[in-house]
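Notes to accompany the following structure.
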Amino acid sequence: EVIPNGIDVEAIASRAAAGDAGRAAVRDELGLPPDARLVTCVGRLAAQKRIEDLVWAIELLGHQAPTAHLLIVGDGPGREDLQRFAQQVGCPQRVHFAGHRDDVPEIWAGSDVGWLASDFEGQSNSLMEAMAAGLPVVASNIPANAELVIDGQTGHLVEVGDAAEFAKRTARLIENPQQAQASGHAARQRILEHFSVEANIDAHTRLYHRLANSANSANSVEGVA
């Protein structure tokens with residue numbers, strides 16, 4: 001029996017409900033114009049997260065969506081190398097390193113798309129939080145991410161390391177705001193129904209009842225025998 005983790009969807013949604021004011025606050029902090037489209041990834045800056053792929057992707061995306069910027073939230077041993085890599089790729093003005101933050105729900109609220117490029121994960125809290133905040137997501141097609149993301153409905157899954165496909169899928173979301181909004185709504189509903197704290201508790205309750213009923217049935221059979 002597999003019961004997935006649960007997150008507090010309502011708490012995330014309530015903190016992410018700042019609307020236009022939240023979007024403006026994030027852009028003001030980064031020194032970005034109001035019309036900037038913000039793609040955000042959250043996680044430890046370590047090799048498994050493949051942040052380099054996302055730096056390549058934002059450089060490619062910039063040719064299709066000139067207002068797109070990448071916000072990287074988190075810290076780790078790879079930060080300096082990633083900053084140098086952004087310089088080498090030629091897009092340092094599009095890549096913003098926010099470091100560790102305690103206001104991630106508000107940052108999700110100010111974002112347009114969530115990204116996760118990891119080559120392996122358990123169950124990603126950052127991906128679940130982005131979806132709970134109502135964002136469409138583009139994520140690497142690994143088993144843990146595929147459990148969360150329904151390709152074409154709540155966002156998109158792309159092959160690990162395919163920066164061009166990250167850019168392509170995200171460009172479609174940016175160019176089609178109604179599609180992005182629909183995907184974000186579907187993403188939030190999926191987390192609410194299957195990966196919320198309430199869903200986790202309900203799944204445990206059903207399991208305990210089933211085990212208890214099985215034990216009672218077994219004891220009844222033994223009593224008859």
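Letters for chains follow the order of the structure tokens (A, B, ...), residue numbers begin at 1 for each chain, and ligand numbers begin at 1 in the order shown.
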
Per residue of stretch 6-85 of chain A within 10 Å of stretch 93-109 of chain A, what are the shortest atom pair and its distance in Å to one decimal, counting only C-alpha atoms, with rows by chain and residue number, as JSON lines?
{"residue": "A:Ala11", "atom": "CA", "partner": "A:Pro105", "partner_atom": "CA", "distance": 8.9}
{"residue": "A:Ile12", "atom": "CA", "partner": "A:Pro105", "partner_atom": "CA", "distance": 5.8}
{"residue": "A:Ala13", "atom": "CA", "partner": "A:Pro105", "partner_atom": "CA", "distance": 7.6}
{"residue": "A:Ser14", "atom": "CA", "partner": "A:Pro105", "partner_atom": "CA", "distance": 8.7}
{"residue": "A:Arg15", "atom": "CA", "partner": "A:Pro105", "partner_atom": "CA", "distance": 5.9}
{"residue": "A:Ala16", "atom": "CA", "partner": "A:Ala109", "partner_atom": "CA", "distance": 4.6}
{"residue": "A:Ala17", "atom": "CA", "partner": "A:Ala109", "partner_atom": "CA", "distance": 6.7}
{"residue": "A:Ala18", "atom": "CA", "partner": "A:Ala109", "partner_atom": "CA", "distance": 6.9}
{"residue": "A:Gly19", "atom": "CA", "partner": "A:Ala109", "partner_atom": "CA", "distance": 7.1}
{"residue": "A:Asp20", "atom": "CA", "partner": "A:Ala109", "partner_atom": "CA", "distance": 9.0}
{"residue": "A:Ala21", "atom": "CA", "partner": "A:Ala109", "partner_atom": "CA", "distance": 9.7}
{"residue": "A:Gly22", "atom": "CA", "partner": "A:Ala109", "partner_atom": "CA", "distance": 6.4}
{"residue": "A:Arg23", "atom": "CA", "partner": "A:Ala109", "partner_atom": "CA", "distance": 6.6}
{"residue": "A:Ala25", "atom": "CA", "partner": "A:Ile107", "partner_atom": "CA", "distance": 9.2}
{"residue": "A:Val26", "atom": "CA", "partner": "A:Ile107", "partner_atom": "CA", "distance": 6.6}
{"residue": "A:Arg27", "atom": "CA", "partner": "A:Ile107", "partner_atom": "CA", "distance": 9.8}
{"residue": "A:Leu30", "atom": "CA", "partner": "A:His96", "partner_atom": "CA", "distance": 7.6}
{"residue": "A:Leu32", "atom": "CA", "partner": "A:Arg94", "partner_atom": "CA", "distance": 9.8}
{"residue": "A:Leu38", "atom": "CA", "partner": "A:Trp108", "partner_atom": "CA", "distance": 9.5}
{"residue": "A:Val39", "atom": "CA", "partner": "A:Trp108", "partner_atom": "CA", "distance": 9.3}
{"residue": "A:Thr40", "atom": "CA", "partner": "A:Trp108", "partner_atom": "CA", "distance": 7.4}
{"residue": "A:Cys41", "atom": "CA", "partner": "A:Trp108", "partner_atom": "CA", "distance": 9.2}
{"residue": "A:Val42", "atom": "CA", "partner": "A:Val104", "partner_atom": "CA", "distance": 8.2}
{"residue": "A:Gly43", "atom": "CA", "partner": "A:His100", "partner_atom": "CA", "distance": 9.0}
{"residue": "A:Arg44", "atom": "CA", "partner": "A:His100", "partner_atom": "CA", "distance": 8.9}
{"residue": "A:Leu45", "atom": "CA", "partner": "A:Gly99", "partner_atom": "CA", "distance": 9.4}
{"residue": "A:Leu54", "atom": "CA", "partner": "A:Val95", "partner_atom": "CA", "distance": 9.5}
{"residue": "A:Val55", "atom": "CA", "partner": "A:Val95", "partner_atom": "CA", "distance": 7.2}
{"residue": "A:Ile58", "atom": "CA", "partner": "A:Arg94", "partner_atom": "CA", "distance": 7.2}
{"residue": "A:Glu59", "atom": "CA", "partner": "A:Arg94", "partner_atom": "CA", "distance": 7.6}
{"residue": "A:Gly62", "atom": "CA", "partner": "A:Arg94", "partner_atom": "CA", "distance": 8.2}
{"residue": "A:Pro66", "atom": "CA", "partner": "A:Arg94", "partner_atom": "CA", "distance": 9.5}
{"residue": "A:Thr67", "atom": "CA", "partner": "A:Arg94", "partner_atom": "CA", "distance": 8.8}
{"residue": "A:Ala68", "atom": "CA", "partner": "A:Arg94", "partner_atom": "CA", "distance": 7.3}
{"residue": "A:His69", "atom": "CA", "partner": "A:Arg94", "partner_atom": "CA", "distance": 4.7}
{"residue": "A:Leu70", "atom": "CA", "partner": "A:Val95", "partner_atom": "CA", "distance": 4.9}
{"residue": "A:Leu71", "atom": "CA", "partner": "A:His96", "partner_atom": "CA", "distance": 4.8}
{"residue": "A:Ile72", "atom": "CA", "partner": "A:Phe97", "partner_atom": "CA", "distance": 5.0}
{"residue": "A:Val73", "atom": "CA", "partner": "A:Ala98", "partner_atom": "CA", "distance": 5.0}
{"residue": "A:Gly74", "atom": "CA", "partner": "A:His100", "partner_atom": "CA", "distance": 4.5}
{"residue": "A:Asp75", "atom": "CA", "partner": "A:Gly99", "partner_atom": "CA", "distance": 5.0}
{"residue": "A:Gly76", "atom": "CA", "partner": "A:Gly99", "partner_atom": "CA", "distance": 8.7}
{"residue": "A:Arg79", "atom": "CA", "partner": "A:Phe97", "partner_atom": "CA", "distance": 8.3}
{"residue": "A:Leu82", "atom": "CA", "partner": "A:Phe97", "partner_atom": "CA", "distance": 9.4}
{"residue": "A:Gln83", "atom": "CA", "partner": "A:Phe97", "partner_atom": "CA", "distance": 8.2}

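The environment of A:Phe120 within 9 Å, counting only C-alpha atoms and disregarding residues fewer than 3 places along the same chain, consists of Gln48, Lys49, Ala117, Ser140, Ile142, Pro143, Ala144 and Asn145 of chain A.
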
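Here the DSSP assignment of strand (DSSP E), based on backbone atoms, applies within stretch 10-206 of chain A to Arg37, Leu38, Val39, Thr40, Cys41, Val42, Ala68, His69, Leu70, Leu71, Ile72, Val73, Val95, His96, Phe97, Ala98, Gly99, Val113, Gly114, Trp115, Leu116, Val137, Val138, Ala139, Ser140, Gly155, His156, Leu157 and Val158 of chain A.
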
For the residues in that selection, give me N, CA and C atoms as a short mmCIF file (atom, residue, chain, number, x, y, z; two decimals), in the first residue's frame.
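File written: part-v7.cif
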data_model
loop_
_atom_site.label_atom_id
_atom_site.label_comp_id
_atom_site.auth_asym_id
_atom_site.auth_seq_id
_atom_site.Cartn_x
_atom_site.Cartn_y
_atom_site.Cartn_z
N ARG A 37 7.76 37.86 -17.47
CA ARG A 37 7.19 36.53 -17.20
C ARG A 37 8.21 35.74 -16.40
N LEU A 38 7.81 35.28 -15.24
CA LEU A 38 8.73 34.69 -14.29
C LEU A 38 8.57 33.18 -14.22
N VAL A 39 9.66 32.49 -14.53
CA VAL A 39 9.72 31.03 -14.42
C VAL A 39 10.57 30.73 -13.19
N THR A 40 10.05 29.92 -12.28
CA THR A 40 10.71 29.74 -10.98
C THR A 40 11.00 28.27 -10.71
N CYS A 41 12.18 28.02 -10.16
CA CYS A 41 12.48 26.69 -9.62
C CYS A 41 12.94 26.87 -8.18
N VAL A 42 12.58 25.91 -7.34
CA VAL A 42 12.91 25.97 -5.92
C VAL A 42 13.58 24.66 -5.54
N ALA A 68 10.85 36.75 -20.58
CA ALA A 68 10.97 35.63 -19.64
C ALA A 68 12.24 35.73 -18.80
N HIS A 69 12.11 35.46 -17.51
CA HIS A 69 13.24 35.44 -16.59
C HIS A 69 13.14 34.18 -15.73
N LEU A 70 14.31 33.70 -15.28
CA LEU A 70 14.38 32.52 -14.42
C LEU A 70 14.75 32.96 -13.01
N LEU A 71 13.93 32.57 -12.03
CA LEU A 71 14.22 32.83 -10.63
C LEU A 71 14.57 31.50 -9.96
N ILE A 72 15.76 31.44 -9.39
CA ILE A 72 16.24 30.23 -8.73
C ILE A 72 16.24 30.48 -7.22
N VAL A 73 15.39 29.75 -6.51
CA VAL A 73 15.24 29.91 -5.06
C VAL A 73 15.88 28.72 -4.38
N VAL A 95 18.77 35.43 -15.34
CA VAL A 95 18.84 34.43 -14.27
C VAL A 95 19.05 35.15 -12.94
N HIS A 96 18.18 34.89 -11.98
CA HIS A 96 18.21 35.57 -10.69
C HIS A 96 18.30 34.54 -9.57
N PHE A 97 19.32 34.68 -8.73
CA PHE A 97 19.53 33.77 -7.61
C PHE A 97 19.00 34.43 -6.33
N ALA A 98 17.96 33.84 -5.76
CA ALA A 98 17.31 34.43 -4.58
C ALA A 98 17.85 33.87 -3.28
N GLY A 99 18.61 32.77 -3.32
CA GLY A 99 19.08 32.15 -2.10
C GLY A 99 17.94 31.52 -1.31
N VAL A 113 5.23 30.19 -14.20
CA VAL A 113 5.43 28.76 -14.46
C VAL A 113 6.42 28.21 -13.44
N GLY A 114 6.22 26.97 -13.02
CA GLY A 114 7.17 26.30 -12.15
C GLY A 114 8.00 25.30 -12.94
N TRP A 115 9.29 25.24 -12.64
CA TRP A 115 10.20 24.31 -13.32
C TRP A 115 10.86 23.37 -12.31
N LEU A 116 11.09 22.13 -12.74
CA LEU A 116 11.89 21.17 -11.98
C LEU A 116 12.57 20.23 -12.97
N VAL A 137 3.19 23.63 -14.49
CA VAL A 137 4.58 23.25 -14.27
C VAL A 137 5.14 22.53 -15.49
N VAL A 138 6.45 22.65 -15.64
CA VAL A 138 7.18 21.85 -16.62
C VAL A 138 8.27 21.13 -15.84
N ALA A 139 8.27 19.80 -15.90
CA ALA A 139 9.16 19.02 -15.05
C ALA A 139 9.77 17.86 -15.84
N SER A 140 10.89 17.38 -15.34
CA SER A 140 11.56 16.23 -15.95
C SER A 140 10.69 14.99 -15.79
N GLY A 155 0.30 20.48 -16.65
CA GLY A 155 1.60 21.00 -17.06
C GLY A 155 2.20 20.07 -18.08
N HIS A 156 3.52 19.98 -18.09
CA HIS A 156 4.19 19.15 -19.10
C HIS A 156 5.35 18.38 -18.48
N LEU A 157 5.59 17.18 -19.00
CA LEU A 157 6.75 16.38 -18.66
C LEU A 157 7.67 16.31 -19.87
N VAL A 158 8.97 16.54 -19.64
CA VAL A 158 9.94 16.46 -20.73
C VAL A 158 11.09 15.56 -20.29
#

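As for atom CA of A:Gly6 and atom CA of A:Leu211, they are spaced 21.6 Å apart.
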
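Distance annotation: of A:Ala186, A:Ala65, A:Ala86, A:Leu192, the residue with the minimal separation from A:Ile150 is A:Ala186; atom set is only C-alpha atoms.
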